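Chemist: One structure is given below, represented as structure tokens, and several questions about it will come after.
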2 protein chains.
Amino acid sequence: MELQIDRERLSRELDELGAISAEPAPVVTRVVFTEADLRGRRFVKDLCIEAGLEVREDPIGNTFARWTGSAPDIPAVATGSHIDAIPNAGRFDGTVGVLGGLEAIRSLRRTGFQPRRSIELMVFTSEEPTRFGIGCFGSRMMAGALPIAAGDKLRDPEGKSLDDVRRAAGFTGDLSLIPVSKEKYSAFIELHIEQGPTLEREQVDIGIVTAIAAPATLRIEIEGEGGHAGALLMPQRRDAFLAAAEIALAVESAAKATGAIDTVGTTGICDIFPRAVNSIPSRARMEIDVRDIDGTRRDVVLASISRAAEEIASRRNVTLRNELLNADPPASCDPGAVAELETACQTHGASYRFMISRAYHDSLFMSLIIPTAMIFIPSRRGVSHRPDEYSSPEAIATGALVLAETLSRLSRE
Amino acid sequence: MELQIDRERLSRELDELGAISAEPAPVVTRVVFTEADLRGRRFVKDLCIEAGLEVREDPIGNTFARWTGSAPDIPAVATGSHIDAIPNAGRFDGTVGVLGGLEAIRSLRRTGFQPRRSIELMVFTSEEPTRFGIGCFGSRMMAGALPIAAGDKLRDPEGKSLDDVRRAAGFTGDLSLIPVSKEKYSAFIELHIEQGPTLEREQVDIGIVTAIAAPATLRIEIEGEGGHAGALLMPQRRDAFLAAAEIALAVESAAKATGAIDTVGTTGICDIFPRAVNSIPSRARMEIDVRDIDGTRRDVVLASISRAAEEIASRRNVTLRNELLNADPPASCDPGAVAELETACQTHGASYRFMISRAYHDSLFMSLIIPTAMIFIPSRRGVSHRPDEYSSPEAIATGALVLAETLSRLSRE
């Protein structure tokens, strides 16, 4: 039987998973270990079990659904992504790699194919940094890139520890069991939406990712002095929000100043305290995201932001706490896996181009322990992290087909 | 018996009311019609009843506690303030005028004094704009300065209407019954903390307020375009928060540009949506407070902020909604009431100075229907709207004594 993706079923399952959300459709909000996330996990696990896969979870909730190969003891081939979603997100970020990965496995089973290596679908916990301020802590811990002790210290905005939250969600094992040895897997391929406009603009089916940009997150806390907005005169003020406003503009300037199109800097969070129209802000807390495909250039931008923040704080007589939450190195994809993706595209007549991932993914961490590559499919208007995020059923099916072909090749070896 | 304030009792009652808060001491958070506000109201009403006053509430929760005079049908003399408190506030803003007003009345009763005019303590609903974005809506409605139809449209951040919220709090009467006719009261005197540093710095006991600064509130909503912080490149961005940051700095510049020390401009609220570190802000919502003792100069600042906001929005390709929530005229205090306050200070050997109120108060609206004046007492370091807001028991007692003397004089006439 010919290798074929069940496009309608895959689209339907993406819609069903999209409807599992803390907010009404079309908004997807599925923050790690909330009720919506747990329902989403249940939905995916049930589909995996129905597909005949053997499901296992690690102590942080990373989920592994295995199709055991004829040589079950040699390194397996893996695919996967995440299902958590930031507030006010869409249906496709992460989920295309999870449900598309599952459909790729089902499509191989339908052909009667029998893999030599086991094939495994991975669903990583919390690719998004929403709740604990750090992205990819599931795959990060698997790769040993987040020490268990550091994971223990993570707190959500309500002050709950990661450890308490995962236990309440039913994941109680010893965290030291999470890291995965380099010998367990021979390849990892992640299918994902591009989250940028390139493939759509160039009318190309598949992006074969050769490198993943280097992300860094800064948290800046500013402490000034509050007071009554009517009574405290302008020269006496130490307004924390005005310092934050200047720093946000400095982030933009620093990112633009490299002259490289690949440098981006974003202030996505700026909370003001006490947040009252008639009170001068006494505190502000910003989270800043800086990325580049060139790690050195990114670090120059980080240093420039820190210098600007110090200057602003000193001039405005406010105090500053500047914390680098993470600064991961950029990742190169595995040349062998990239070559297999190219062959798979050619086999099925899919047009393709090589490209950089400017968003970061669990692949960044899998690449530390497994030869890794990524498949991108077009995102309408490059839009992501929004309810109107969209990839067509045809585009998703093409991605899943290329993934299935690649898994089949890699698992035969 | 000599007129005397029970300083210890008054301080104890202020502490007890301060402990009625949505947050643990020393933080006072008592937002209108929340459980803490309702408990605070109960506490004050019980004290009024215990003092022998007759308590009545209007349909928006403004509370009136009356000591009926020997000529009950002629216009009464009133005093009072508010007990609601912004998040993370202190114990003295408003409450000094309510509990100090009550103690002034009790002190007069203890001397055996019998007023000719009735003396009434007023506790106004929601002097603070926290919940519905508009300050003083209790006194505003009493003065007819907030049309009932406009009041009906007010919504809190959860989208609840003022009407639903007041009904849930037990205030169900017809809102058209709130406005008070000009013939009902002959004078209104509000005792309040200064919320500025002048009296402390000059070591003066009492500030006699001659005018109240003109406040205005702008709400600016910005709509840009969201997207993934890694994937959407800098030249393609329409970041709503960066526009807000520039506008906040423009507010500061416009307030400073008048060259007058009395002009102040504050951005106390700036909410970002979706508020995720890896998402470009698609929307921002700011609330801006501008005040001056000169109404014309204040309006020049408002116009300058609006012009700057338009320029910023156009340059950054974001859309703007600019709404003037309120822009009240400045108030002059009543010369007769001011003269009585001066005599009262002299009678009891309190040092005093005339001054401007830069914060605004329910007196601003009472002055529209009743001859009004205000008594200020020193605030430590000028601090207000913060948990460390402080006025000494001695300073509070002096304020209450001057108030009692003034009420006695005004109620004899």
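Order determines the names: the first chain of the structure tokens is A, the second B, and so forth; residues in each chain are numbered 1 upward, and ligands are numbered 1 upward as they are shown.
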Within 9 Å of Phe92 (chain A), counting only C-alpha atoms, which residues show up once you throw out same-chain ones fewer than 2 positions away? Write them as a list of chain:residue names, please.

Modeler: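 The contact residues come out as A:Leu14, A:Gly18, A:Ala89, A:Gly90, A:Gly94, A:Thr95, A:Val96, A:Gly97, A:His192, A:Ile193, A:Ser384, A:Glu389, A:Tyr390, A:Ser391.
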
Chemist: Restrict the distance test to only C-alpha atoms, flag each residue of chain A within 6 Å of chain B, and return the flagged residues as a list in words.

Modeler: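 Taken together, these residues fit the definition: Gln195, Gly196, Gly227, His228, Gly230, Ala231, Ala245, Gly268, Ile269, Arg275, Ala276, Val277, Ser279, Ile280, Pro281, Glu287, Arg358, Ala359, Val383, Ser384 and His385 of chain A.
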
Chemist: Phe132 (chain A): which residues within 9 Å, counting only C-alpha atoms, same-chain residues fewer than 5 positions away excluded, as an mmCIF file with all heavy atoms, in the first residue's frame?

Modeler:
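This is the output file around_15.cif:
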data_model
loop_
_atom_site.group_PDB
_atom_site.id
_atom_site.type_symbol
_atom_site.label_atom_id
_atom_site.label_comp_id
_atom_site.auth_asym_id
_atom_site.auth_seq_id
_atom_site.Cartn_x
_atom_site.Cartn_y
_atom_site.Cartn_z
ATOM 1 N N SER A 126 5.942 21.800 28.224
ATOM 2 C CA SER A 126 6.222 23.245 28.327
ATOM 3 C C SER A 126 7.341 23.747 27.429
ATOM 4 O O SER A 126 8.355 24.236 27.909
ATOM 5 C CB SER A 126 6.537 23.617 29.786
ATOM 6 O OG SER A 126 6.401 25.005 29.970
ATOM 7 N N PHE A 137 11.421 23.560 29.189
ATOM 8 C CA PHE A 137 12.079 22.899 30.305
ATOM 9 C C PHE A 137 11.963 21.386 30.271
ATOM 10 O O PHE A 137 12.785 20.685 30.841
ATOM 11 C CB PHE A 137 11.796 23.510 31.673
ATOM 12 C CG PHE A 137 10.387 23.433 32.176
ATOM 13 C CD1 PHE A 137 9.827 22.215 32.559
ATOM 14 C CD2 PHE A 137 9.638 24.578 32.302
ATOM 15 C CE1 PHE A 137 8.545 22.160 33.048
ATOM 16 C CE2 PHE A 137 8.349 24.522 32.796
ATOM 17 C CZ PHE A 137 7.792 23.305 33.156
ATOM 18 N N LEU A 154 12.474 26.854 40.087
ATOM 19 C CA LEU A 154 11.514 27.577 39.242
ATOM 20 C C LEU A 154 10.196 27.788 39.992
ATOM 21 O O LEU A 154 9.691 26.901 40.664
ATOM 22 C CB LEU A 154 11.267 26.809 37.934
ATOM 23 C CG LEU A 154 12.459 26.700 36.972
ATOM 24 C CD1 LEU A 154 12.094 25.826 35.773
ATOM 25 C CD2 LEU A 154 12.917 28.076 36.500
ATOM 26 N N ARG A 155 9.649 28.987 39.840
ATOM 27 C CA ARG A 155 8.376 29.335 40.485
ATOM 28 C C ARG A 155 7.465 29.956 39.436
ATOM 29 O O ARG A 155 7.933 30.687 38.568
ATOM 30 C CB ARG A 155 8.591 30.395 41.580
ATOM 31 C CG ARG A 155 9.387 29.927 42.787
ATOM 32 C CD ARG A 155 8.496 29.265 43.828
ATOM 33 N NE ARG A 155 9.219 28.807 45.009
ATOM 34 C CZ ARG A 155 9.998 27.732 45.048
ATOM 35 N NH1 ARG A 155 10.179 27.000 43.964
ATOM 36 N NH2 ARG A 155 10.613 27.371 46.152
ATOM 37 N N ASP A 156 6.165 29.689 39.527
ATOM 38 C CA ASP A 156 5.232 30.355 38.619
ATOM 39 C C ASP A 156 4.808 31.695 39.237
ATOM 40 O O ASP A 156 5.216 32.016 40.369
ATOM 41 C CB ASP A 156 4.056 29.422 38.266
ATOM 42 C CG ASP A 156 3.058 29.241 39.394
ATOM 43 O OD1 ASP A 156 3.195 29.905 40.453
ATOM 44 O OD2 ASP A 156 2.133 28.437 39.227
ATOM 45 N N PRO A 157 4.037 32.512 38.498
ATOM 46 C CA PRO A 157 3.716 33.848 39.015
ATOM 47 C C PRO A 157 2.972 33.818 40.348
ATOM 48 O O PRO A 157 2.991 34.785 41.101
ATOM 49 C CB PRO A 157 2.824 34.458 37.918
ATOM 50 C CG PRO A 157 3.219 33.729 36.686
ATOM 51 C CD PRO A 157 3.552 32.331 37.118
ATOM 52 N N SER A 161 6.013 26.194 43.183
ATOM 53 C CA SER A 161 7.224 25.622 42.607
ATOM 54 C C SER A 161 6.856 24.646 41.502
ATOM 55 O O SER A 161 5.792 24.035 41.496
ATOM 56 C CB SER A 161 8.028 24.918 43.687
ATOM 57 O OG SER A 161 7.395 23.702 44.021
ATOM 58 N N LEU A 162 7.788 24.499 40.540
ATOM 59 C CA LEU A 162 7.615 23.522 39.479
ATOM 60 C C LEU A 162 7.351 22.147 40.080
ATOM 61 O O LEU A 162 6.509 21.389 39.596
ATOM 62 C CB LEU A 162 8.870 23.503 38.595
ATOM 63 C CG LEU A 162 8.933 22.441 37.503
ATOM 64 C CD1 LEU A 162 7.720 22.499 36.589
ATOM 65 C CD2 LEU A 162 10.211 22.602 36.690
#

Chemist: Which residues are close to Asp15 (chain A), i.e. within 12 Å by only C-alpha atoms, leaving aside same-chain residues fewer than 5 positions away? Reply as a VMD selection string.

Modeler: chain A and resid 8 to 10 20 to 21 25 to 28 40 43 90 to 92 95 to 96 99 390 393

Chemist: Kindly save the residues from that selection, with C-alpha atoms included, as a PDB file, in the first residue's frame.

Modeler:
ATOM      1  CA  GLU A   8      -8.979  14.902   6.876  1.00  0.00           C
ATOM      2  CA  ARG A   9      -8.427  12.930  10.021  1.00  0.00           C
ATOM      3  CA  LEU A  10      -5.298  14.920  10.852  1.00  0.00           C
ATOM      4  CA  ILE A  20      -9.172  22.047  24.358  1.00  0.00           C
ATOM      5  CA  SER A  21      -8.356  25.495  25.712  1.00  0.00           C
ATOM      6  CA  ALA A  25     -12.414  29.080  20.252  1.00  0.00           C
ATOM      7  CA  PRO A  26     -10.646  30.313  18.208  1.00  0.00           C
ATOM      8  CA  VAL A  27      -8.373  31.291  21.097  1.00  0.00           C
ATOM      9  CA  VAL A  28      -6.036  28.533  22.276  1.00  0.00           C
ATOM     10  CA  GLY A  40      -4.817  18.023  25.879  1.00  0.00           C
ATOM     11  CA  PHE A  43      -6.482  13.529  24.182  1.00  0.00           C
ATOM     12  CA  GLY A  90      -3.508  29.358  17.777  1.00  0.00           C
ATOM     13  CA  ARG A  91      -4.070  25.736  16.824  1.00  0.00           C
ATOM     14  CA  PHE A  92      -0.886  24.772  14.973  1.00  0.00           C
ATOM     15  CA  THR A  95       0.493  20.448  17.697  1.00  0.00           C
ATOM     16  CA  VAL A  96       1.320  19.942  13.994  1.00  0.00           C
ATOM     17  CA  LEU A  99      -0.461  15.030  15.721  1.00  0.00           C
ATOM     18  CA  TYR A 390      -3.009  28.999  10.114  1.00  0.00           C
ATOM     19  CA  PRO A 393      -4.532  20.896   5.600  1.00  0.00           C
TER      20      PRO A 393
END

Chemist: Write out, as a Markdown table, each residue of region 153-227 of chain B that has an atom at most 12 Å from region 102-121 of chain B, together with the closest pair of atoms and their distance in Å to one decimal, counting only C-alpha atoms, rows going by chain and rising number.

Modeler:
| residue | atom | partner | partner_atom | distance |
| --- | --- | --- | --- | --- |
| B:Lys184 | CA | B:Ser118 | CA | 10.4 |
| B:Tyr185 | CA | B:Ser118 | CA | 9.2 |
| B:Ser186 | CA | B:Arg117 | CA | 8.9 |
| B:Ala187 | CA | B:Ile119 | CA | 9.8 |
| B:Phe188 | CA | B:Glu120 | CA | 9.3 |
| B:Ile189 | CA | B:Leu121 | CA | 9.9 |
| B:Glu190 | CA | B:Leu121 | CA | 9.8 |
| B:Leu191 | CA | B:Ala104 | CA | 10.3 |

Chemist: Provide the CA of Ala373 (chain A) to CA of Ala327 (chain A) distance in Å, to one decimal place.

Modeler: 21.0 Å

Chemist: Excluding Ala211 (chain A) and any residue of its chain fewer than 5 positions from it, enumerate the residues within 7 Å of it, using only C-alpha atoms, and give them as a CSV table (one decimal) with N, CA and C atoms, in the first residue's frame.

Modeler:
chain,number,residue,atom,x,y,z
A,331,ALA,N,21.9,26.1,17.5
A,331,ALA,CA,22.1,24.7,17.2
A,331,ALA,C,22.3,24.6,15.7
A,332,SER,N,23.2,23.6,15.3
A,332,SER,CA,23.3,23.2,13.9
A,332,SER,C,22.6,21.9,13.8
A,333,CYS,N,21.8,21.7,12.7
A,333,CYS,CA,21.2,20.5,12.5
A,333,CYS,C,22.2,19.4,11.9
A,356,ILE,N,16.9,28.8,8.1
A,356,ILE,CA,17.2,29.0,9.5
A,356,ILE,C,15.9,29.0,10.3
A,357,SER,N,15.9,28.4,11.5
A,357,SER,CA,14.7,28.7,12.4
A,357,SER,C,15.0,29.8,13.3

Chemist: With distances taken over only C-alpha atoms, which of B:His348, B:Arg321, B:Lys160, B:Arg353 is nearest to Gly207 (chain B)?

Modeler: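 With only C-alpha atoms as the atom set, the closest residue is B:Arg353.
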
Chemist: Taking the backbone alone, and naming residues the way the document does, which bits of region 22-145 of chain B are strand (DSSP E) by DSSP, as a PyMOL selection string?

Modeler: chain B and resi 28-30+54-57+63-67+76-82+85-89+119-124

Chemist: Produce a file of the selected residues containing C-alpha atoms, as an mmCIF file, in the first residue's frame.

Modeler:
data_model
loop_
_atom_site.group_PDB
_atom_site.id
_atom_site.type_symbol
_atom_site.label_atom_id
_atom_site.label_comp_id
_atom_site.auth_asym_id
_atom_site.auth_seq_id
_atom_site.Cartn_x
_atom_site.Cartn_y
_atom_site.Cartn_z
ATOM 1 C CA VAL B 28 -4.269 48.258 52.745
ATOM 2 C CA THR B 29 -6.279 47.250 49.664
ATOM 3 C CA ARG B 30 -9.962 48.072 49.928
ATOM 4 C CA GLU B 54 -28.675 58.150 62.595
ATOM 5 C CA VAL B 55 -27.274 56.241 59.611
ATOM 6 C CA ARG B 56 -28.660 56.320 56.083
ATOM 7 C CA GLU B 57 -27.231 55.076 52.754
ATOM 8 C CA THR B 63 -23.312 56.853 53.759
ATOM 9 C CA PHE B 64 -24.699 59.666 55.932
ATOM 10 C CA ALA B 65 -24.538 59.601 59.754
ATOM 11 C CA ARG B 66 -26.502 62.467 61.269
ATOM 12 C CA TRP B 67 -26.557 64.205 64.622
ATOM 13 C CA ALA B 76 -26.986 70.933 57.842
ATOM 14 C CA VAL B 77 -23.212 71.120 58.261
ATOM 15 C CA ALA B 78 -21.320 68.159 56.854
ATOM 16 C CA THR B 79 -17.900 66.588 57.092
ATOM 17 C CA GLY B 80 -16.459 63.334 55.762
ATOM 18 C CA SER B 81 -14.238 61.577 53.287
ATOM 19 C CA HIS B 82 -13.798 58.026 51.927
ATOM 20 C CA ALA B 85 -8.170 52.357 49.142
ATOM 21 C CA ILE B 86 -6.191 51.544 45.998
ATOM 22 C CA PRO B 87 -4.198 48.291 45.900
ATOM 23 C CA ASN B 88 -1.110 48.466 48.125
ATOM 24 C CA ALA B 89 -2.189 51.630 49.910
ATOM 25 C CA ILE B 119 -24.111 67.814 61.762
ATOM 26 C CA GLU B 120 -23.577 64.983 59.333
ATOM 27 C CA LEU B 121 -20.680 62.646 58.630
ATOM 28 C CA MET B 122 -20.503 61.590 54.970
ATOM 29 C CA VAL B 123 -18.622 58.509 53.756
ATOM 30 C CA PHE B 124 -18.340 58.709 49.990
#

Chemist: Using only C-alpha atoms, find the one residue out of B:Pro371, B:Gly399, B:Pro59, B:Gly295 that sits nearest to Phe171 (chain B).

Modeler: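 Result for the nearest residue to Phe171 (chain B): B:Pro59.
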
Chemist: Might you pull out every residue within 12 Å of Gln203 (chain A), with only C-alpha atoms counted and same-chain residues fewer than 2 positions away left off, and present them as a list in words?

Modeler: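 Here the qualifying residues turn out to be Pro197, Thr198, Leu199, Glu200, Arg201, Asp205, Ile206, Gly207, Ala350, Ser351, Tyr352, Arg353, Ile377, Pro378, Ser379, Arg380, Arg381 and Ala395 of chain A.
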
Chemist: Please identify the helix (DSSP H, G or I) residues within region 28-134 of chain A (assignment by DSSP from backbone atoms) and present them as a ChimeraX atom specification.

Modeler: /A:35-50,95-110

Chemist: So how far away is CA of Arg315 (chain B) from CA of Arg237 (chain B), in Å?

Modeler: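 Separation between CA of Arg237 (chain B) and CA of Arg315 (chain B): 11.7 Å.
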
Chemist: What does the distance between CA of Ala309 (chain A) and CA of Leu320 (chain B) come to in Å, to one decimal place?

Modeler: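 Distance reported for this atom pair: 28.0 Å.
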
Chemist: Name all residues at most 10 Å from Thr296 (chain B) (count only C-alpha atoms; drop same-chain ones fewer than 5 positions away) and give them as a count of residues only.

Modeler: 5

Chemist: Taking only C-alpha atoms into account, name the residue in A:Thr258, A:Leu38, A:Asp294, A:Cys345 that is nearest to Asp328 (chain A).

Modeler: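 Going through A:Thr258, A:Leu38, A:Asp294, A:Cys345 one by one, the smallest distance to Asp328 (chain A) is for A:Asp294.
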